[in-house]
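**Student:** See entry.cif below, with mmCIF, C-alpha atoms.
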```cif
data_target
loop_
_atom_site.group_PDB
_atom_site.id
_atom_site.type_symbol
_atom_site.label_atom_id
_atom_site.label_comp_id
_atom_site.auth_asym_id
_atom_site.auth_seq_id
_atom_site.Cartn_x
_atom_site.Cartn_y
_atom_site.Cartn_z
ATOM 1 C CA MET A 1 54.678 -44.240 -8.924
ATOM 2 C CA ASN A 2 56.781 -41.742 -10.777
ATOM 3 C CA LYS A 3 57.663 -38.325 -9.463
ATOM 4 C CA GLN A 4 55.458 -36.386 -11.918
ATOM 5 C CA ALA A 5 52.276 -38.298 -11.036
ATOM 6 C CA PHE A 6 53.011 -37.973 -7.317
ATOM 7 C CA THR A 7 53.447 -34.185 -7.664
ATOM 8 C CA PHE A 8 50.228 -33.922 -9.671
ATOM 9 C CA LEU A 9 48.206 -35.878 -7.096
ATOM 10 C CA THR A 10 49.668 -33.862 -4.223
ATOM 11 C CA LEU A 11 48.837 -30.513 -5.849
ATOM 12 C CA PHE A 12 45.399 -31.730 -6.920
ATOM 13 C CA SER A 13 44.623 -32.864 -3.354
ATOM 14 C CA LEU A 14 45.813 -29.535 -1.965
ATOM 15 C CA ILE A 15 43.607 -27.594 -4.395
ATOM 16 C CA LEU A 16 40.635 -29.827 -3.592
ATOM 17 C CA VAL A 17 41.050 -29.346 0.172
ATOM 18 C CA LEU A 18 41.438 -25.566 -0.176
ATOM 19 C CA SER A 19 38.362 -25.371 -2.410
ATOM 20 C CA ILE A 20 36.247 -27.269 0.099
ATOM 21 C CA TYR A 21 37.608 -25.129 2.936
ATOM 22 C CA TYR A 22 36.767 -21.920 1.041
ATOM 23 C CA ILE A 23 33.229 -23.097 0.316
ATOM 24 C CA MET A 24 32.631 -24.065 3.943
ATOM 25 C CA LEU A 25 33.824 -20.716 5.369
ATOM 26 C CA PRO A 26 31.077 -18.543 6.870
ATOM 27 C CA PRO A 27 30.539 -15.248 5.049
ATOM 28 C CA SER A 28 32.894 -12.483 6.030
ATOM 29 C CA GLN A 29 31.731 -9.326 7.803
ATOM 30 C CA ASN A 30 31.686 -7.380 4.524
ATOM 31 C CA GLU A 31 29.415 -9.935 2.902
ATOM 32 C CA LYS A 32 27.073 -9.839 5.918
ATOM 33 C CA THR A 33 26.847 -6.087 5.551
ATOM 34 C CA VAL A 34 25.931 -6.423 1.901
ATOM 35 C CA THR A 35 23.212 -8.975 2.621
ATOM 36 C CA GLN A 36 21.819 -6.921 5.495
ATOM 37 C CA THR A 37 21.605 -3.659 3.578
ATOM 38 C CA GLN A 38 17.879 -4.067 3.281
ATOM 39 C CA THR A 39 16.775 -0.940 5.027
ATOM 40 C CA THR A 40 14.209 -0.632 7.757
ATOM 41 C CA ILE A 41 11.923 1.064 5.273
ATOM 42 C CA GLU A 42 12.194 -1.862 2.853
ATOM 43 C CA GLN A 43 11.463 -4.307 5.664
ATOM 44 C CA LEU A 44 8.410 -2.314 6.752
ATOM 45 C CA GLN A 45 7.209 -2.140 3.158
ATOM 46 C CA GLU A 46 7.582 -5.899 2.693
ATOM 47 C CA GLN A 47 5.609 -6.565 5.878
ATOM 48 C CA LEU A 48 2.845 -4.206 4.778
ATOM 49 C CA ASN A 49 2.721 -5.756 1.304
ATOM 50 C CA GLN A 50 2.460 -9.217 2.850
ATOM 51 C CA LYS A 51 -0.342 -8.049 5.139
ATOM 52 C CA ARG A 52 -2.242 -6.601 2.175
ATOM 53 C CA GLU A 53 -1.721 -9.753 0.098
ATOM 54 C CA ASP A 54 -3.084 -11.837 2.971
ATOM 55 C CA ILE A 55 -6.189 -9.637 3.207
ATOM 56 C CA ILE A 56 -6.806 -9.904 -0.528
ATOM 57 C CA GLU A 57 -6.206 -13.659 -0.516
ATOM 58 C CA LYS A 58 -8.588 -14.175 2.409
ATOM 59 C CA ASN A 59 -11.314 -12.193 0.657
ATOM 60 C CA ASN A 60 -10.706 -14.028 -2.614
ATOM 61 C CA GLU A 61 -11.306 -17.281 -0.731
ATOM 62 C CA ILE A 62 -14.600 -15.894 0.567
ATOM 63 C CA ILE A 63 -15.609 -14.994 -2.983
ATOM 64 C CA ALA A 64 -14.604 -18.423 -4.318
ATOM 65 C CA LYS A 65 -16.599 -20.387 -1.720
ATOM 66 C CA GLU A 66 -19.855 -21.746 -3.017
ATOM 67 C CA SER A 67 -21.460 -21.327 0.391
ATOM 68 C CA SER A 68 -20.803 -17.565 0.485
ATOM 69 C CA THR A 69 -23.825 -15.301 0.463
ATOM 70 C CA SER A 70 -24.087 -12.371 -1.901
ATOM 71 C CA ASP A 71 -23.734 -10.031 1.075
ATOM 72 C CA SER A 72 -20.433 -11.608 2.172
ATOM 73 C CA ILE A 73 -19.198 -11.584 -1.439
ATOM 74 C CA ASN A 74 -20.031 -7.878 -1.742
ATOM 75 C CA LYS A 75 -18.223 -7.139 1.526
ATOM 76 C CA ALA A 76 -15.193 -9.123 0.328
ATOM 77 C CA LEU A 77 -15.142 -7.254 -2.990
ATOM 78 C CA ALA A 78 -15.421 -3.928 -1.162
ATOM 79 C CA THR A 79 -12.551 -4.894 1.146
ATOM 80 C CA ILE A 80 -10.362 -5.901 -1.797
ATOM 81 C CA SER A 81 -11.150 -2.650 -3.588
ATOM 82 C CA GLU A 82 -10.458 -0.579 -0.463
ATOM 83 C CA THR A 83 -7.176 -2.413 0.153
ATOM 84 C CA LYS A 84 -6.023 -1.745 -3.407
ATOM 85 C CA ASN A 85 -7.068 1.911 -3.219
ATOM 86 C CA ILE A 86 -5.170 2.393 0.030
ATOM 87 C CA GLY A 87 -2.098 0.787 -1.560
ATOM 88 C CA GLU A 88 -2.313 3.191 -4.490
ATOM 89 C CA LYS A 89 -2.648 6.193 -2.148
ATOM 90 C CA GLU A 90 0.403 5.014 -0.220
ATOM 91 C CA LYS A 91 2.426 4.720 -3.428
ATOM 92 C CA SER A 92 1.428 8.207 -4.525
ATOM 93 C CA ILE A 93 2.387 9.628 -1.115
ATOM 94 C CA VAL A 94 5.779 7.874 -1.259
ATOM 95 C CA ALA A 95 6.340 9.340 -4.723
ATOM 96 C CA LYS A 96 5.408 12.813 -3.452
ATOM 97 C CA VAL A 97 7.784 12.532 -0.480
ATOM 98 C CA LYS A 98 10.588 11.445 -2.819
ATOM 99 C CA GLU A 99 9.784 14.446 -5.050
ATOM 100 C CA LEU A 100 10.387 16.642 -2.014
ATOM 101 C CA GLY A 101 13.986 15.418 -2.064
ATOM 102 C CA TYR A 102 14.002 12.686 0.542
ATOM 103 C CA GLN A 103 15.874 9.474 -0.162
ATOM 104 C CA ASP A 104 13.198 6.966 0.811
ATOM 105 C CA ALA A 105 9.881 6.801 2.625
ATOM 106 C CA TYR A 106 7.415 4.289 4.011
ATOM 107 C CA VAL A 107 3.722 5.093 4.216
ATOM 108 C CA GLU A 108 0.967 3.183 5.989
ATOM 109 C CA ILE A 109 -2.647 4.301 5.948
ATOM 110 C CA GLU A 110 -4.764 2.908 8.744
ATOM 111 C CA ASN A 111 -8.045 4.202 10.227
ATOM 112 C CA GLN A 112 -7.858 7.728 8.809
ATOM 113 C CA THR A 113 -4.236 8.039 9.957
ATOM 114 C CA ILE A 114 -1.313 8.275 7.577
ATOM 115 C CA LYS A 115 1.943 7.157 9.178
ATOM 116 C CA ILE A 116 4.993 8.275 7.216
ATOM 117 C CA THR A 117 8.532 7.161 7.979
ATOM 118 C CA VAL A 118 11.160 9.157 6.104
ATOM 119 C CA LEU A 119 14.843 8.352 5.717
ATOM 120 C CA LYS A 120 16.776 11.508 6.630
ATOM 121 C CA LYS A 121 19.586 12.364 8.978
ATOM 122 C CA ASP A 122 19.303 15.463 11.142
ATOM 123 C CA ALA A 123 15.643 16.144 10.414
ATOM 124 C CA LYS A 124 14.016 19.302 11.687
ATOM 125 C CA ALA A 125 10.451 20.261 12.553
ATOM 126 C CA SER A 126 10.291 22.253 9.324
ATOM 127 C CA ASP A 127 10.962 19.034 7.375
ATOM 128 C CA ALA A 128 8.040 17.316 9.075
ATOM 129 C CA SER A 129 5.847 20.349 8.481
ATOM 130 C CA LYS A 130 6.740 20.372 4.790
ATOM 131 C CA VAL A 131 5.909 16.655 4.425
ATOM 132 C CA ILE A 132 2.601 16.995 6.287
ATOM 133 C CA LYS A 133 1.584 20.010 4.209
ATOM 134 C CA GLU A 134 2.286 18.260 0.889
ATOM 135 C CA VAL A 135 0.554 15.058 1.949
ATOM 136 C CA LEU A 136 -2.553 16.926 3.059
ATOM 137 C CA LYS A 137 -2.607 18.709 -0.324
ATOM 138 C CA LEU A 138 -2.509 15.306 -1.976
ATOM 139 C CA VAL A 139 -5.131 13.443 0.101
ATOM 140 C CA GLY A 140 -7.234 16.192 1.650
ATOM 141 C CA ASP A 141 -8.044 16.939 5.271
ATOM 142 C CA ASP A 142 -9.740 13.602 5.924
ATOM 143 C CA TYR A 143 -6.583 12.118 7.405
ATOM 144 C CA GLN A 144 -4.331 12.753 10.358
ATOM 145 C CA VAL A 145 -0.688 12.675 9.275
ATOM 146 C CA GLU A 146 2.151 11.419 11.480
ATOM 147 C CA VAL A 147 5.760 11.835 10.310
ATOM 148 C CA LYS A 148 8.775 10.063 11.756
ATOM 149 C CA PHE A 149 12.360 10.463 10.570
ATOM 150 C CA ILE A 150 14.967 7.707 10.804
ATOM 151 C CA ASN A 151 18.718 7.709 10.201
ATOM 152 C CA GLU A 152 19.232 4.100 9.108
#
```
Would you give me this structure, written as structure tokens?
**Tutor:**
Amino acid sequence: MNKQAFTFLTLFSLILVLSIYYIMLPPSQNEKTVTQTQTTIEQLQEQLNQKREDIIEKNNEIIAKESSTSDSINKALATISETKNIGEKEKSIVAKVKELGYQDAYVEIENQTIKITVLKKDAKASDASKVIKEVLKLVGDDYQVEVKFINE
């Protein structure tokens, strides 16, 4: 084999081995940070959305069953409607909290209680008071409002 072909095969093999090595490397610390930047608030929101989707899906199955009574269908429709209404209220509260100047917020409405998690460093009692006041203006006095601040 001539010298030129030998050099080509050697360099090609080296490039192939380095390429495979690079592909097989675990992600570096910087890449892990980028993939784990999903905030706590985003994780909470995804879990809540999944929970709501499951409720709606379960009630849709009740509606679709031929053996369902009209009473159970009406209850399922009411539950779906209530779930969607609660989701809309939560979105409007998140928008209101963001209007107040906070970076991000998570809202969960459950049993006449509104739980709000706000992303803010060095929060004060006046911040919580401001959020509670605005939320009560938005939804009325029917709910108890709980505010929690996180740093991320």
**Student:** Work out how far apart CA of Ile56 (chain A) and CA of Thr83 (chain A) are and give it in Å to one decimal.
**Tutor:**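 Taking CA of Ile56 (chain A) as the start and CA of Thr83 (chain A) as the end point, the length is 7.5 Å.
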**Student:** Can you spell out as a list in words the set of residues that the PyMOL selection byres ((chain A and resi 127-129) around 12) selects in the structure I just provided?
**Tutor:**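 Against this file, the PyMOL selection byres ((chain A and resi 127-129) around 12) returns the residues Val97, Leu100, Gly101, Tyr102, Lys115, Ile116, Thr117, Val118, Leu119, Lys120, Lys121, Asp122, Ala123, Lys124, Ala125, Ser126, Lys130, Val131, Ile132, Lys133, Glu134, Val135, Leu136, Val145, Glu146, Val147, Lys148, Phe149 and Ile150 of chain A.
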**Student:** Using all atoms listed in the file - which residues lie no farther than 12 Å from the point (-7.2, -14.3, 2.9) in the file's frame? Write them as a list in words.
**Tutor:** Gln50, Lys51, Arg52, Glu53, Asp54, Ile55, Ile56, Glu57, Lys58, Asn59, Asn60, Glu61, Ile62, Ile63, Ala64, Ala76, Thr79 and Ile80 of chain A
**Student:** To one decimal in Å, tell me the separation between CA of Asn85 (chain A) and CA of Gly140 (chain A).
**Tutor:** 15.1 Å
**Student:** I'd like the neighbourhood of region 107-110 of chain A as a tab-separated table (two decimals) with C-alpha atoms, in the coordinates of the input, where a residue qualifies if any of its atoms comes within 9 Å (using all atoms listed in the file), though same-chain residues fewer than 5 positions away should be ignored.
**Tutor:**
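Okay, around-v5.tsv is ready:
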```tsv
chain	number	residue	atom	x	y	z
A	45	GLN	CA	7.21	-2.14	3.16
A	48	LEU	CA	2.84	-4.21	4.78
A	86	ILE	CA	-5.17	2.39	0.03
A	87	GLY	CA	-2.10	0.79	-1.56
A	89	LYS	CA	-2.65	6.19	-2.15
A	90	GLU	CA	0.40	5.01	-0.22
A	91	LYS	CA	2.43	4.72	-3.43
A	93	ILE	CA	2.39	9.63	-1.12
A	94	VAL	CA	5.78	7.87	-1.26
A	115	LYS	CA	1.94	7.16	9.18
A	116	ILE	CA	4.99	8.28	7.22
A	117	THR	CA	8.53	7.16	7.98
A	118	VAL	CA	11.16	9.16	6.10
A	143	TYR	CA	-6.58	12.12	7.40
```
